[in-house]
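Data file: target16.cif. Format and content: mmCIF, C-alpha atoms.
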data_upload
#
loop_
_atom_site.label_atom_id
_atom_site.label_comp_id
_atom_site.auth_asym_id
_atom_site.auth_seq_id
_atom_site.Cartn_x
_atom_site.Cartn_y
_atom_site.Cartn_z
CA MET A 1 -184.89 51.37 21.97
CA GLU A 2 -186.84 48.38 23.13
CA ILE A 3 -185.61 44.79 22.53
CA GLU A 4 -187.89 41.94 23.44
CA GLY A 5 -186.71 39.56 26.14
CA TRP A 6 -183.59 41.55 27.05
CA GLU A 7 -184.39 41.35 30.71
CA LEU A 8 -184.70 38.37 33.03
CA ALA A 9 -188.24 38.45 34.14
CA GLY A 10 -188.71 41.21 36.63
CA SER A 11 -185.09 41.16 38.06
CA GLY A 12 -183.68 44.13 36.16
CA ILE A 13 -180.53 42.07 35.10
CA HIS A 14 -179.60 42.00 31.41
CA ILE A 15 -179.12 38.60 29.73
CA ILE A 16 -176.00 39.80 27.87
CA ASP A 17 -174.33 40.56 31.19
CA VAL A 18 -175.14 37.14 32.54
CA MET A 19 -173.56 35.49 29.49
CA GLU A 20 -170.41 37.58 29.88
CA GLY A 21 -170.19 36.57 33.52
CA GLN A 22 -170.52 32.89 32.63
CA LYS A 23 -167.66 33.19 30.04
CA ILE A 24 -165.30 34.80 32.54
CA GLU A 25 -166.07 32.16 35.14
CA GLU A 26 -165.29 29.46 32.54
CA LEU A 27 -161.94 31.02 31.61
CA LYS A 28 -161.03 31.46 35.25
CA LEU A 29 -161.84 27.83 35.95
CA ALA A 30 -159.69 26.67 32.99
CA SER A 31 -156.69 28.71 34.13
CA GLN A 32 -156.60 26.94 37.48
CA ARG A 33 -154.99 23.90 35.82
CA ALA A 34 -151.12 23.82 36.24
CA ILE A 35 -149.02 24.41 33.07
CA PRO A 36 -147.01 21.24 32.36
CA ASP A 37 -143.20 21.53 33.22
CA PRO A 38 -140.93 20.71 30.19
CA ASP A 39 -138.22 19.32 32.59
CA ASP A 40 -140.75 17.13 34.34
CA TRP A 41 -139.05 13.94 33.23
CA LEU A 42 -135.69 14.98 34.97
CA GLU A 43 -134.86 13.97 38.49
CA ALA A 44 -135.00 16.81 40.97
CA GLU A 45 -131.27 16.55 41.76
CA VAL A 46 -130.20 16.81 38.14
CA ARG A 47 -132.61 19.63 37.44
CA ARG A 48 -130.94 21.82 40.07
CA ASN A 49 -127.44 21.40 38.61
CA VAL A 50 -127.71 21.55 34.84
CA LEU A 51 -127.05 24.71 32.82
CA LEU A 52 -126.85 24.67 29.05
CA THR A 53 -124.20 26.68 27.14
CA THR A 54 -121.50 26.15 24.50
CA VAL A 55 -118.14 24.56 25.34
CA ASP A 56 -116.26 27.54 23.86
CA TYR A 57 -118.14 30.02 25.98
CA ALA A 58 -117.63 28.07 29.18
CA VAL A 59 -113.91 27.48 28.56
CA ASN A 60 -113.26 31.06 27.47
CA TRP A 61 -115.18 32.39 30.43
CA ALA A 62 -113.06 30.33 32.81
CA ARG A 63 -109.81 31.25 31.06
CA SER A 64 -110.41 34.98 30.84
CA ARG A 65 -111.47 35.26 34.50
CA SER A 66 -108.45 33.39 35.91
CA ILE A 67 -105.37 34.77 34.17
CA PHE A 68 -102.15 34.45 36.14
CA PRO A 69 -99.58 37.00 34.98
CA LEU A 70 -95.86 36.30 35.09
CA MET A 71 -93.85 38.32 37.60
CA PHE A 72 -91.41 39.82 35.20
CA GLY A 73 -90.27 43.44 34.89
CA LEU A 74 -87.38 44.77 32.84
CA ALA A 75 -87.36 48.51 33.57
CA CYS A 76 -89.37 51.42 34.97
CA CYS A 77 -92.70 50.22 33.46
CA ALA A 78 -92.52 47.37 35.98
CA PHE A 79 -93.37 49.82 38.76
CA GLU A 80 -96.61 50.78 37.08
CA MET A 81 -97.34 47.06 36.72
CA ILE A 82 -96.65 46.59 40.46
CA ALA A 83 -98.91 49.56 41.21
CA ALA A 84 -101.64 47.92 39.11
CA ALA A 85 -101.30 44.80 41.24
CA ALA A 86 -101.32 46.65 44.57
CA SER A 87 -104.37 47.74 46.53
CA ARG A 88 -105.20 51.03 44.77
CA PHE A 89 -105.76 49.53 41.32
CA ASP A 90 -105.96 45.87 42.37
CA ILE A 91 -106.08 43.65 39.29
CA ALA A 92 -107.28 40.86 41.58
CA ARG A 93 -110.70 42.30 40.68
CA PHE A 94 -110.19 40.72 37.26
CA GLY A 95 -109.23 37.32 38.63
CA MET A 96 -105.49 38.01 38.46
CA ASP A 97 -104.91 37.23 42.10
CA ILE A 98 -101.28 36.24 42.10
CA PHE A 99 -98.25 37.10 40.01
CA ARG A 100 -96.57 33.74 39.39
CA TRP A 101 -92.81 33.40 39.78
CA SER A 102 -92.65 30.40 37.50
CA PRO A 103 -93.41 30.67 33.78
CA ARG A 104 -94.86 27.13 33.98
CA GLN A 105 -97.77 28.45 36.05
CA ALA A 106 -98.37 31.69 34.15
CA ASP A 107 -100.79 32.52 31.33
CA LEU A 108 -99.90 36.13 30.59
CA MET A 109 -96.48 37.69 30.06
CA ILE A 110 -96.46 41.45 30.68
CA VAL A 111 -93.19 42.65 29.16
CA ALA A 112 -92.72 45.91 31.06
CA GLY A 113 -89.68 47.91 29.97
CA THR A 114 -86.65 48.17 27.72
CA ILE A 115 -85.37 44.89 26.29
CA THR A 116 -81.64 44.80 25.65
CA TRP A 117 -80.12 42.31 23.23
CA LYS A 118 -78.31 40.71 26.17
CA MET A 119 -81.71 40.16 27.85
CA ALA A 120 -83.46 39.00 24.66
CA PRO A 121 -82.53 35.28 24.91
CA ALA A 122 -83.90 35.19 28.49
CA VAL A 123 -87.19 36.83 27.41
CA LYS A 124 -87.59 34.32 24.58
CA LEU A 125 -86.72 31.39 26.86
CA ILE A 126 -89.30 32.47 29.44
CA TYR A 127 -91.94 32.83 26.70
CA GLU A 128 -91.17 29.34 25.44
CA GLN A 129 -91.33 27.90 28.96
CA MET A 130 -94.89 29.13 29.47
CA ALA A 131 -97.56 26.50 28.89
CA GLU A 132 -100.24 26.98 26.22
CA PRO A 133 -102.56 28.84 26.09
CA LYS A 134 -100.49 32.00 26.65
CA TRP A 135 -100.82 35.70 25.90
CA VAL A 136 -98.32 38.57 25.74
CA ILE A 137 -98.72 42.27 26.52
CA ALA A 138 -96.02 44.69 25.33
CA MET A 139 -96.16 47.47 27.91
CA GLY A 140 -94.68 50.91 27.27
CA ALA A 141 -92.89 52.60 24.39
CA CYS A 142 -89.66 50.61 24.81
CA ALA A 143 -91.31 47.19 24.63
CA ILE A 144 -93.45 48.28 21.67
CA SER A 145 -90.74 49.79 19.47
CA GLY A 146 -87.56 50.41 21.46
CA GLY A 147 -88.83 53.89 22.36
CA THR A 148 -86.16 56.49 22.99
CA PHE A 149 -83.46 53.84 22.76
CA ARG A 150 -84.53 52.52 19.35
CA GLU A 151 -81.30 53.62 17.65
CA SER A 152 -79.08 52.23 20.41
CA TYR A 153 -76.55 49.47 19.80
CA SER A 154 -77.85 47.40 22.70
CA VAL A 155 -81.67 47.69 22.62
CA VAL A 156 -84.18 45.43 20.83
CA PRO A 157 -86.35 47.68 18.59
CA GLY A 158 -89.67 46.13 19.56
CA LEU A 159 -90.75 43.03 21.43
CA ASN A 160 -92.46 41.58 18.35
CA ARG A 161 -89.00 40.95 16.87
CA ILE A 162 -88.59 38.20 19.46
CA VAL A 163 -92.01 36.88 20.55
CA PRO A 164 -95.57 37.31 19.16
CA VAL A 165 -97.53 40.07 20.92
CA ASP A 166 -101.30 40.17 21.56
CA VAL A 167 -101.85 43.65 22.99
CA TYR A 168 -99.71 46.80 22.89
CA VAL A 169 -100.15 49.28 25.77
CA PRO A 170 -98.60 52.62 24.80
CA GLY A 171 -97.18 55.16 27.25
CA CYS A 172 -93.89 56.07 28.87
CA PRO A 173 -94.76 54.49 31.21
CA PRO A 174 -98.51 53.79 30.83
CA ARG A 175 -100.58 54.42 33.94
CA PRO A 176 -102.07 51.38 35.72
CA GLU A 177 -105.47 52.26 34.21
CA GLY A 178 -103.85 51.85 30.78
CA LEU A 179 -102.49 48.45 31.71
CA ILE A 180 -105.88 47.38 33.09
CA TYR A 181 -107.50 48.48 29.80
CA GLY A 182 -104.94 46.30 27.98
CA ILE A 183 -105.83 43.38 30.23
CA ARG A 184 -109.54 43.93 29.46
CA LEU A 185 -108.67 43.75 25.75
CA ILE A 186 -106.93 40.43 26.42
CA HIS A 187 -110.16 39.25 28.08
CA GLN A 188 -112.14 40.25 24.99
CA LYS A 189 -109.65 38.45 22.79
CA ILE A 190 -109.93 35.29 24.87
CA MET A 191 -113.75 35.44 24.71
CA SER A 192 -113.59 35.53 20.91
CA GLU A 193 -111.33 32.48 20.66
CA SER A 194 -112.30 28.87 20.07
CA ILE A 195 -110.74 25.80 21.63
CA LYS A 196 -110.62 24.22 18.18
CA LYS A 197 -108.07 26.72 16.87
CA ARG A 198 -105.53 26.83 19.69
CA MET B 1 -68.31 61.80 55.25
CA THR B 2 -65.14 60.51 53.65
CA ILE B 3 -62.36 63.11 53.71
CA SER B 4 -60.41 63.65 50.52
CA LEU B 5 -56.65 63.33 51.04
CA ASP B 6 -54.48 66.31 50.17
CA CYS B 7 -53.09 65.08 46.86
CA GLU B 8 -50.07 67.45 46.89
CA ARG B 9 -48.93 65.85 50.13
CA VAL B 10 -49.62 62.31 48.93
CA ALA B 11 -47.81 63.00 45.64
CA LYS B 12 -44.76 64.20 47.58
CA ARG B 13 -44.83 61.08 49.72
CA LEU B 14 -45.17 58.82 46.65
CA SER B 15 -42.28 60.59 44.89
CA GLN B 16 -40.17 59.88 47.96
CA GLU B 17 -41.09 56.20 47.98
CA PHE B 18 -41.13 55.63 44.20
CA PRO B 19 -39.07 58.33 42.41
CA GLY B 20 -40.54 59.21 39.02
CA SER B 21 -43.89 57.50 39.56
CA VAL B 22 -45.95 60.71 39.76
CA LEU B 23 -46.40 62.47 36.42
CA ALA B 24 -48.58 65.35 37.57
CA VAL B 25 -50.94 66.51 40.28
CA GLU B 26 -54.29 67.59 38.87
CA LYS B 27 -56.52 68.36 41.81
CA PRO B 28 -58.22 66.31 43.10
CA ALA B 29 -56.31 63.50 41.34
CA ILE B 30 -52.76 62.22 41.03
CA VAL B 31 -51.64 61.18 37.53
CA LEU B 32 -49.31 58.21 37.72
CA GLU B 33 -46.71 56.72 35.41
CA ILE B 34 -48.49 53.78 33.78
CA GLU B 35 -45.61 51.32 34.39
CA ARG B 36 -45.42 52.18 38.09
CA LEU B 37 -49.20 51.84 38.78
CA ARG B 38 -49.08 48.36 40.27
CA GLU B 39 -46.35 48.96 42.85
CA VAL B 40 -47.92 52.28 43.90
CA ALA B 41 -51.32 50.57 44.23
CA GLU B 42 -49.80 47.82 46.37
CA PHE B 43 -48.11 50.44 48.58
CA LEU B 44 -51.27 52.55 48.99
CA LYS B 45 -53.26 49.51 50.00
CA THR B 46 -50.81 48.00 52.50
CA SER B 47 -48.99 50.94 54.09
CA PRO B 48 -50.51 51.79 57.51
CA GLU B 49 -50.54 55.55 56.87
CA PHE B 50 -52.90 55.27 53.83
CA GLU B 51 -54.51 51.82 54.05
CA LEU B 52 -56.68 52.46 50.96
CA ASP B 53 -58.23 49.01 51.06
CA TYR B 54 -61.46 49.68 49.16
CA LEU B 55 -61.73 50.39 45.44
CA ALA B 56 -64.98 52.34 45.22
CA ASN B 57 -64.96 52.86 41.48
CA LEU B 58 -62.88 52.23 38.38
CA THR B 59 -63.76 53.91 35.12
CA ALA B 60 -62.25 55.30 31.94
CA VAL B 61 -62.54 58.47 29.84
CA ASP B 62 -61.86 58.88 26.13
CA TYR B 63 -60.17 62.20 25.32
CA LEU B 64 -59.49 61.16 21.68
CA ASP B 65 -55.74 61.93 22.17
CA TYR B 66 -55.49 59.45 25.00
CA PHE B 67 -57.50 57.21 27.30
CA GLU B 68 -57.59 57.96 30.99
CA VAL B 69 -58.34 55.25 33.56
CA VAL B 70 -59.61 56.61 36.87
CA TYR B 71 -59.40 54.87 40.26
CA HIS B 72 -61.43 56.02 43.26
CA LEU B 73 -59.93 54.66 46.48
CA VAL B 74 -61.32 54.75 50.01
CA SER B 75 -59.87 53.66 53.34
CA LEU B 76 -62.45 52.03 55.60
CA THR B 77 -60.23 52.38 58.69
CA HIS B 78 -59.16 56.04 58.26
CA ASN B 79 -62.23 57.15 56.34
CA HIS B 80 -60.27 59.07 53.73
CA GLY B 81 -60.23 58.82 49.94
CA LEU B 82 -57.93 59.40 46.98
CA MET B 83 -58.27 59.58 43.21
CA LEU B 84 -55.63 58.11 40.88
CA LYS B 85 -55.38 58.39 37.11
CA VAL B 86 -53.24 56.78 34.45
CA ARG B 87 -53.05 57.78 30.80
CA CYS B 88 -52.65 55.56 27.79
CA TYR B 89 -51.77 57.10 24.42
CA GLU B 90 -52.17 53.93 22.36
CA ARG B 91 -55.47 53.81 20.41
CA THR B 92 -55.58 50.52 18.48
CA LYS B 93 -54.78 48.29 21.46
CA PRO B 94 -54.44 50.31 24.67
CA MET B 95 -52.84 48.36 27.53
CA VAL B 96 -53.12 49.16 31.24
CA PRO B 97 -51.86 46.90 34.04
CA SER B 98 -54.67 45.16 35.94
CA VAL B 99 -55.17 45.74 39.68
CA VAL B 100 -57.45 42.74 40.28
CA ASP B 101 -54.96 41.03 42.58
CA VAL B 102 -54.71 44.22 44.68
CA TRP B 103 -58.43 44.98 44.87
CA ARG B 104 -60.86 42.19 43.95
CA ALA B 105 -63.51 44.83 43.21
CA ALA B 106 -61.59 45.71 40.05
CA ASP B 107 -62.64 42.44 38.41
CA PHE B 108 -66.04 43.44 37.01
CA GLN B 109 -65.09 47.11 36.70
CA GLU B 110 -62.14 46.32 34.44
CA ARG B 111 -64.30 43.98 32.38
CA GLU B 112 -66.84 46.77 31.93
CA VAL B 113 -64.12 49.21 30.81
CA TYR B 114 -62.74 46.59 28.43
CA ASP B 115 -66.22 45.95 27.07
CA LEU B 116 -67.22 49.56 26.42
CA MET B 117 -63.84 51.28 25.89
CA GLY B 118 -61.65 48.49 24.57
CA ILE B 119 -58.84 48.99 27.06
CA VAL B 120 -56.96 45.74 27.67
CA PHE B 121 -56.00 45.13 31.30
CA LYS B 122 -52.77 43.18 31.40
CA GLY B 123 -52.90 40.40 34.00
CA HIS B 124 -56.68 40.26 34.37
CA PRO B 125 -57.68 36.62 35.03
CA ASN B 126 -60.93 36.65 33.03
CA LEU B 127 -60.98 39.56 30.61
CA LYS B 128 -64.09 39.14 28.47
CA ARG B 129 -67.14 41.24 27.61
CA LEU B 130 -69.53 41.99 30.48
CA PHE B 131 -72.59 43.89 29.14
CA LEU B 132 -72.38 43.14 25.43
CA TRP B 133 -72.33 39.74 23.85
CA GLU B 134 -69.49 37.73 22.39
CA GLY B 135 -69.09 38.74 18.75
CA PHE B 136 -70.16 42.37 19.17
CA GLU B 137 -68.03 44.63 16.98
CA GLY B 138 -66.39 47.74 18.39
CA HIS B 139 -66.46 49.44 21.76
CA PRO B 140 -69.47 51.77 21.96
CA LEU B 141 -68.34 54.26 24.59
CA ARG B 142 -65.37 55.35 22.49
CA LYS B 143 -65.80 58.84 21.09
CA ASP B 144 -65.21 57.62 17.52
CA TYR B 145 -67.78 54.79 17.68
CA LEU B 146 -70.26 55.20 14.79
#
With the file now loaded, output its structure as structure tokens.
Amino acid sequence: MEIEGWELAGSGIHIIDVMEGQKIEELKLASQRAIPDPDDWLEAEVRRNVLLTTVDYAVNWARSRSIFPLMFGLACCAFEMIAAAASRFDIARFGMDIFRWSPRQADLMIVAGTITWKMAPAVKLIYEQMAEPKWVIAMGACAISGGTFRESYSVVPGLNRIVPVDVYVPGCPPRPEGLIYGIRLIHQKIMSESIKKR
Amino acid sequence: MTISLDCERVAKRLSQEFPGSVLAVEKPAIVLEIERLREVAEFLKTSPEFELDYLANLTAVDYLDYFEVVYHLVSLTHNHGLMLKVRCYERTKPMVPSVVDVWRAADFQEREVYDLMGIVFKGHPNLKRLFLWEGFEGHPLRKDYL
């Protein structure tokens, strides 16, 4: 098929190709201009240090990654708790570096073991001495429900009769992995909280 | 290892010193007359041949017919031991003389027995409950509890 004037005189180059080339060159030239920065109006110093998020998220993130548990064991479950803190299981990985001796410095009470009625006032006192915000884990069958000793004259049939409990970790005793899973659930619970409610 | 004293021989010696104080010899223990317990205890602790100066354990057993209080004694100088028993047939308010002023170790042990068995130790300076709380009803290690 023959179209008149499709060729630049005598050069063998098509006009349509020339036009395409010109368009591409134009686009290329236009893209050389820098895209305007939306933070342009900020000072350089400020721009490096600002991160936007919600207050709840920031506070919860800080809280859940820096829980200090209370050093407090009532019976054999305490040894699994100690094992969880030692090098093999190492709950320092979750920001729980130190077990605090003082309830004033602790955020998490891990009630590990059988609670007798004679011990109950001490457990409640320690819970009340802890500063808000605070969380409680009932570790093992005895702390959850009294376990084997439920019918006994001297054993509290469940920690929730004395203090409110956040997470129950079943087992007799639970392995350190179980306790760590319970701690992860506490983290999830903290992340879902709001500073307005507490 | 602590050597157990021959209780036949000790019983003979005690009968010499305190006639009528030994009720029976039930190996490896000597059963004493309850009224004579204190003077025998004093003698066993102070006499140079026995010198049983260390009360290793004090406990009680409920046989339903009677209560039995058991004393495990050890001599730290001679390295020998002896077991004493006394029996109390009273059930509503059993009374046994206290040995706190002979062996101080008896203090908490007698309180524990009082707490769980309900045996009253006459002459104990501070006889109150040890493991259970004030106001608890009954003595749970008795066979007829619950």
If the PyMOL selection byres ((chain B) within 9 of (chain A)) were run on this exact file, what residues would it hold? Put them as a PyMOL selection string. chain B and resi 131-133+140
One decimal, Å: what's the distance from CA of Leu52 in chain B over to CA of Leu73 in chain B, could you say?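 Between these atoms lies a distance of 6.0 Å.
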For Asp90 in chain A, the nearest of the candidates A:Val167, A:Lys134, A:Glu177, A:Ile195, counting all atoms listed in the file: A:Glu177
What does the structure give for the distance between CA of Trp103 in chain B and CA of Cys7 in chain B, in Å to one decimal?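 Separation between CA of Trp103 in chain B and CA of Cys7 in chain B: 20.9 Å.
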Could you pull out every residue with an atom within 10 Å of (-58.4, 49.3, 48.6), file coordinates, counting only C-alpha atoms, and send them as a PDB file with C-alpha atoms, keeping the file's coordinate frame?
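Just written: point.pdb:
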ATOM      1  CA  ALA B  41     -51.320  50.570  44.230  1.00  0.00           C
ATOM      2  CA  GLU B  42     -49.800  47.820  46.370  1.00  0.00           C
ATOM      3  CA  LEU B  44     -51.270  52.550  48.990  1.00  0.00           C
ATOM      4  CA  LYS B  45     -53.260  49.510  50.000  1.00  0.00           C
ATOM      5  CA  THR B  46     -50.810  48.000  52.500  1.00  0.00           C
ATOM      6  CA  PHE B  50     -52.900  55.270  53.830  1.00  0.00           C
ATOM      7  CA  GLU B  51     -54.510  51.820  54.050  1.00  0.00           C
ATOM      8  CA  LEU B  52     -56.680  52.460  50.960  1.00  0.00           C
ATOM      9  CA  ASP B  53     -58.230  49.010  51.060  1.00  0.00           C
ATOM     10  CA  TYR B  54     -61.460  49.680  49.160  1.00  0.00           C
ATOM     11  CA  LEU B  55     -61.730  50.390  45.440  1.00  0.00           C
ATOM     12  CA  ALA B  56     -64.980  52.340  45.220  1.00  0.00           C
ATOM     13  CA  HIS B  72     -61.430  56.020  43.260  1.00  0.00           C
ATOM     14  CA  LEU B  73     -59.930  54.660  46.480  1.00  0.00           C
ATOM     15  CA  VAL B  74     -61.320  54.750  50.010  1.00  0.00           C
ATOM     16  CA  SER B  75     -59.870  53.660  53.340  1.00  0.00           C
ATOM     17  CA  LEU B  76     -62.450  52.030  55.600  1.00  0.00           C
ATOM     18  CA  GLY B  81     -60.230  58.820  49.940  1.00  0.00           C
ATOM     19  CA  VAL B 102     -54.710  44.220  44.680  1.00  0.00           C
ATOM     20  CA  TRP B 103     -58.430  44.980  44.870  1.00  0.00           C
ATOM     21  CA  ARG B 104     -60.860  42.190  43.950  1.00  0.00           C
ATOM     22  CA  ALA B 105     -63.510  44.830  43.210  1.00  0.00           C
ATOM     23  CA  ALA B 106     -61.590  45.710  40.050  1.00  0.00           C
TER      24      ALA B 106
END
Separation of CA of Phe43 in chain B and CA of Leu23 in chain B, in Å?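 Here the two named atoms are 17.2 Å from each other.
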So that I can check the surroundings of range 118-120 of chain B, please list as a ChimeraX atom specification every protein, DNA and RNA residue that reaches within 8 Å of it, counting only C-alpha atoms and ignoring chain neighbours fewer than 3 positions away. /B:93-96,113-115,127,138-139
Restrict the selected residues to C-alpha atoms and save them as a PDB file, keeping the file's coordinate frame.
ATOM      1  CA  LYS B  93     -54.780  48.290  21.460  1.00  0.00           C
ATOM      2  CA  PRO B  94     -54.440  50.310  24.670  1.00  0.00           C
ATOM      3  CA  MET B  95     -52.840  48.360  27.530  1.00  0.00           C
ATOM      4  CA  VAL B  96     -53.120  49.160  31.240  1.00  0.00           C
ATOM      5  CA  VAL B 113     -64.120  49.210  30.810  1.00  0.00           C
ATOM      6  CA  TYR B 114     -62.740  46.590  28.430  1.00  0.00           C
ATOM      7  CA  ASP B 115     -66.220  45.950  27.070  1.00  0.00           C
ATOM      8  CA  LEU B 127     -60.980  39.560  30.610  1.00  0.00           C
ATOM      9  CA  GLY B 138     -66.390  47.740  18.390  1.00  0.00           C
ATOM     10  CA  HIS B 139     -66.460  49.440  21.760  1.00  0.00           C
TER      11      HIS B 139
END
Incomplete range 58-82 of chain B brought to N, CA and C atoms, written out as an mmCIF file, in the coordinates of the input:
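What ended up in rebuild_28.cif:
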data_model
loop_
_atom_site.group_PDB
_atom_site.id
_atom_site.type_symbol
_atom_site.label_atom_id
_atom_site.label_comp_id
_atom_site.auth_asym_id
_atom_site.auth_seq_id
_atom_site.Cartn_x
_atom_site.Cartn_y
_atom_site.Cartn_z
ATOM 1 N N LEU B 58 -63.935 52.239 39.395
ATOM 2 C CA LEU B 58 -62.880 52.230 38.380
ATOM 3 C C LEU B 58 -63.560 52.524 37.054
ATOM 4 N N THR B 59 -63.112 53.572 36.377
ATOM 5 C CA THR B 59 -63.760 53.910 35.120
ATOM 6 C C THR B 59 -62.737 54.475 34.148
ATOM 7 N N ALA B 60 -63.179 54.799 32.943
ATOM 8 C CA ALA B 60 -62.250 55.300 31.940
ATOM 9 C C ALA B 60 -62.909 56.433 31.151
ATOM 10 N N VAL B 61 -62.070 57.345 30.627
ATOM 11 C CA VAL B 61 -62.540 58.470 29.840
ATOM 12 C C VAL B 61 -61.784 58.479 28.520
ATOM 13 N N ASP B 62 -62.505 58.782 27.437
ATOM 14 C CA ASP B 62 -61.860 58.880 26.130
ATOM 15 C C ASP B 62 -61.689 60.358 25.772
ATOM 16 N N TYR B 63 -60.427 60.810 25.700
ATOM 17 C CA TYR B 63 -60.170 62.200 25.320
ATOM 18 C C TYR B 63 -59.699 62.303 23.867
ATOM 19 N N LEU B 64 -59.888 61.259 23.095
ATOM 20 C CA LEU B 64 -59.490 61.160 21.680
ATOM 21 C C LEU B 64 -57.970 61.116 21.506
ATOM 22 N N ASP B 65 -57.205 62.012 22.219
ATOM 23 C CA ASP B 65 -55.740 61.930 22.170
ATOM 24 C C ASP B 65 -55.228 60.768 23.007
ATOM 25 N N TYR B 66 -55.908 60.523 24.097
ATOM 26 C CA TYR B 66 -55.490 59.450 25.000
ATOM 27 C C TYR B 66 -56.687 58.937 25.799
ATOM 28 N N PHE B 67 -56.514 57.731 26.340
ATOM 29 C CA PHE B 67 -57.500 57.210 27.300
ATOM 30 C C PHE B 67 -57.012 57.471 28.700
ATOM 31 N N GLU B 68 -57.950 57.750 29.603
ATOM 32 C CA GLU B 68 -57.590 57.960 30.990
ATOM 33 C C GLU B 68 -58.377 56.975 31.842
ATOM 34 N N VAL B 69 -57.675 56.171 32.638
ATOM 35 C CA VAL B 69 -58.340 55.250 33.560
ATOM 36 C C VAL B 69 -58.301 55.868 34.948
ATOM 37 N N VAL B 70 -59.476 55.907 35.592
ATOM 38 C CA VAL B 70 -59.610 56.610 36.870
ATOM 39 C C VAL B 70 -59.908 55.614 37.980
ATOM 40 N N TYR B 71 -59.208 55.755 39.105
ATOM 41 C CA TYR B 71 -59.400 54.870 40.260
ATOM 42 C C TYR B 71 -59.852 55.710 41.442
ATOM 43 N N HIS B 72 -60.985 55.347 42.029
ATOM 44 C CA HIS B 72 -61.430 56.020 43.260
ATOM 45 C C HIS B 72 -61.173 55.084 44.433
ATOM 46 N N LEU B 73 -60.320 55.515 45.358
ATOM 47 C CA LEU B 73 -59.930 54.660 46.480
ATOM 48 C C LEU B 73 -60.447 55.236 47.790
ATOM 49 N N VAL B 74 -60.830 54.328 48.691
ATOM 50 C CA VAL B 74 -61.320 54.750 50.010
ATOM 51 C C VAL B 74 -60.673 53.857 51.058
ATOM 52 N N SER B 75 -60.346 54.457 52.220
ATOM 53 C CA SER B 75 -59.870 53.660 53.340
ATOM 54 C C SER B 75 -61.004 53.508 54.347
ATOM 55 N N LEU B 76 -61.344 52.253 54.660
ATOM 56 C CA LEU B 76 -62.450 52.030 55.600
ATOM 57 C C LEU B 76 -62.017 52.279 57.031
ATOM 58 N N THR B 77 -60.718 52.143 57.318
ATOM 59 C CA THR B 77 -60.230 52.380 58.690
ATOM 60 C C THR B 77 -60.072 53.880 58.964
ATOM 61 N N HIS B 78 -59.417 54.604 58.021
ATOM 62 C CA HIS B 78 -59.160 56.040 58.260
ATOM 63 C C HIS B 78 -60.263 56.934 57.722
ATOM 64 N N ASN B 79 -61.144 56.386 56.950
ATOM 65 C CA ASN B 79 -62.230 57.150 56.340
ATOM 66 C C ASN B 79 -61.719 58.321 55.497
ATOM 67 N N HIS B 80 -60.696 58.053 54.681
ATOM 68 C CA HIS B 80 -60.270 59.070 53.730
ATOM 69 C C HIS B 80 -60.181 58.456 52.330
ATOM 70 N N GLY B 81 -60.197 59.319 51.312
ATOM 71 C CA GLY B 81 -60.230 58.820 49.940
ATOM 72 C C GLY B 81 -59.189 59.501 49.061
ATOM 73 N N LEU B 82 -58.931 58.874 47.910
ATOM 74 C CA LEU B 82 -57.930 59.400 46.980
ATOM 75 C C LEU B 82 -58.314 59.010 45.563
#
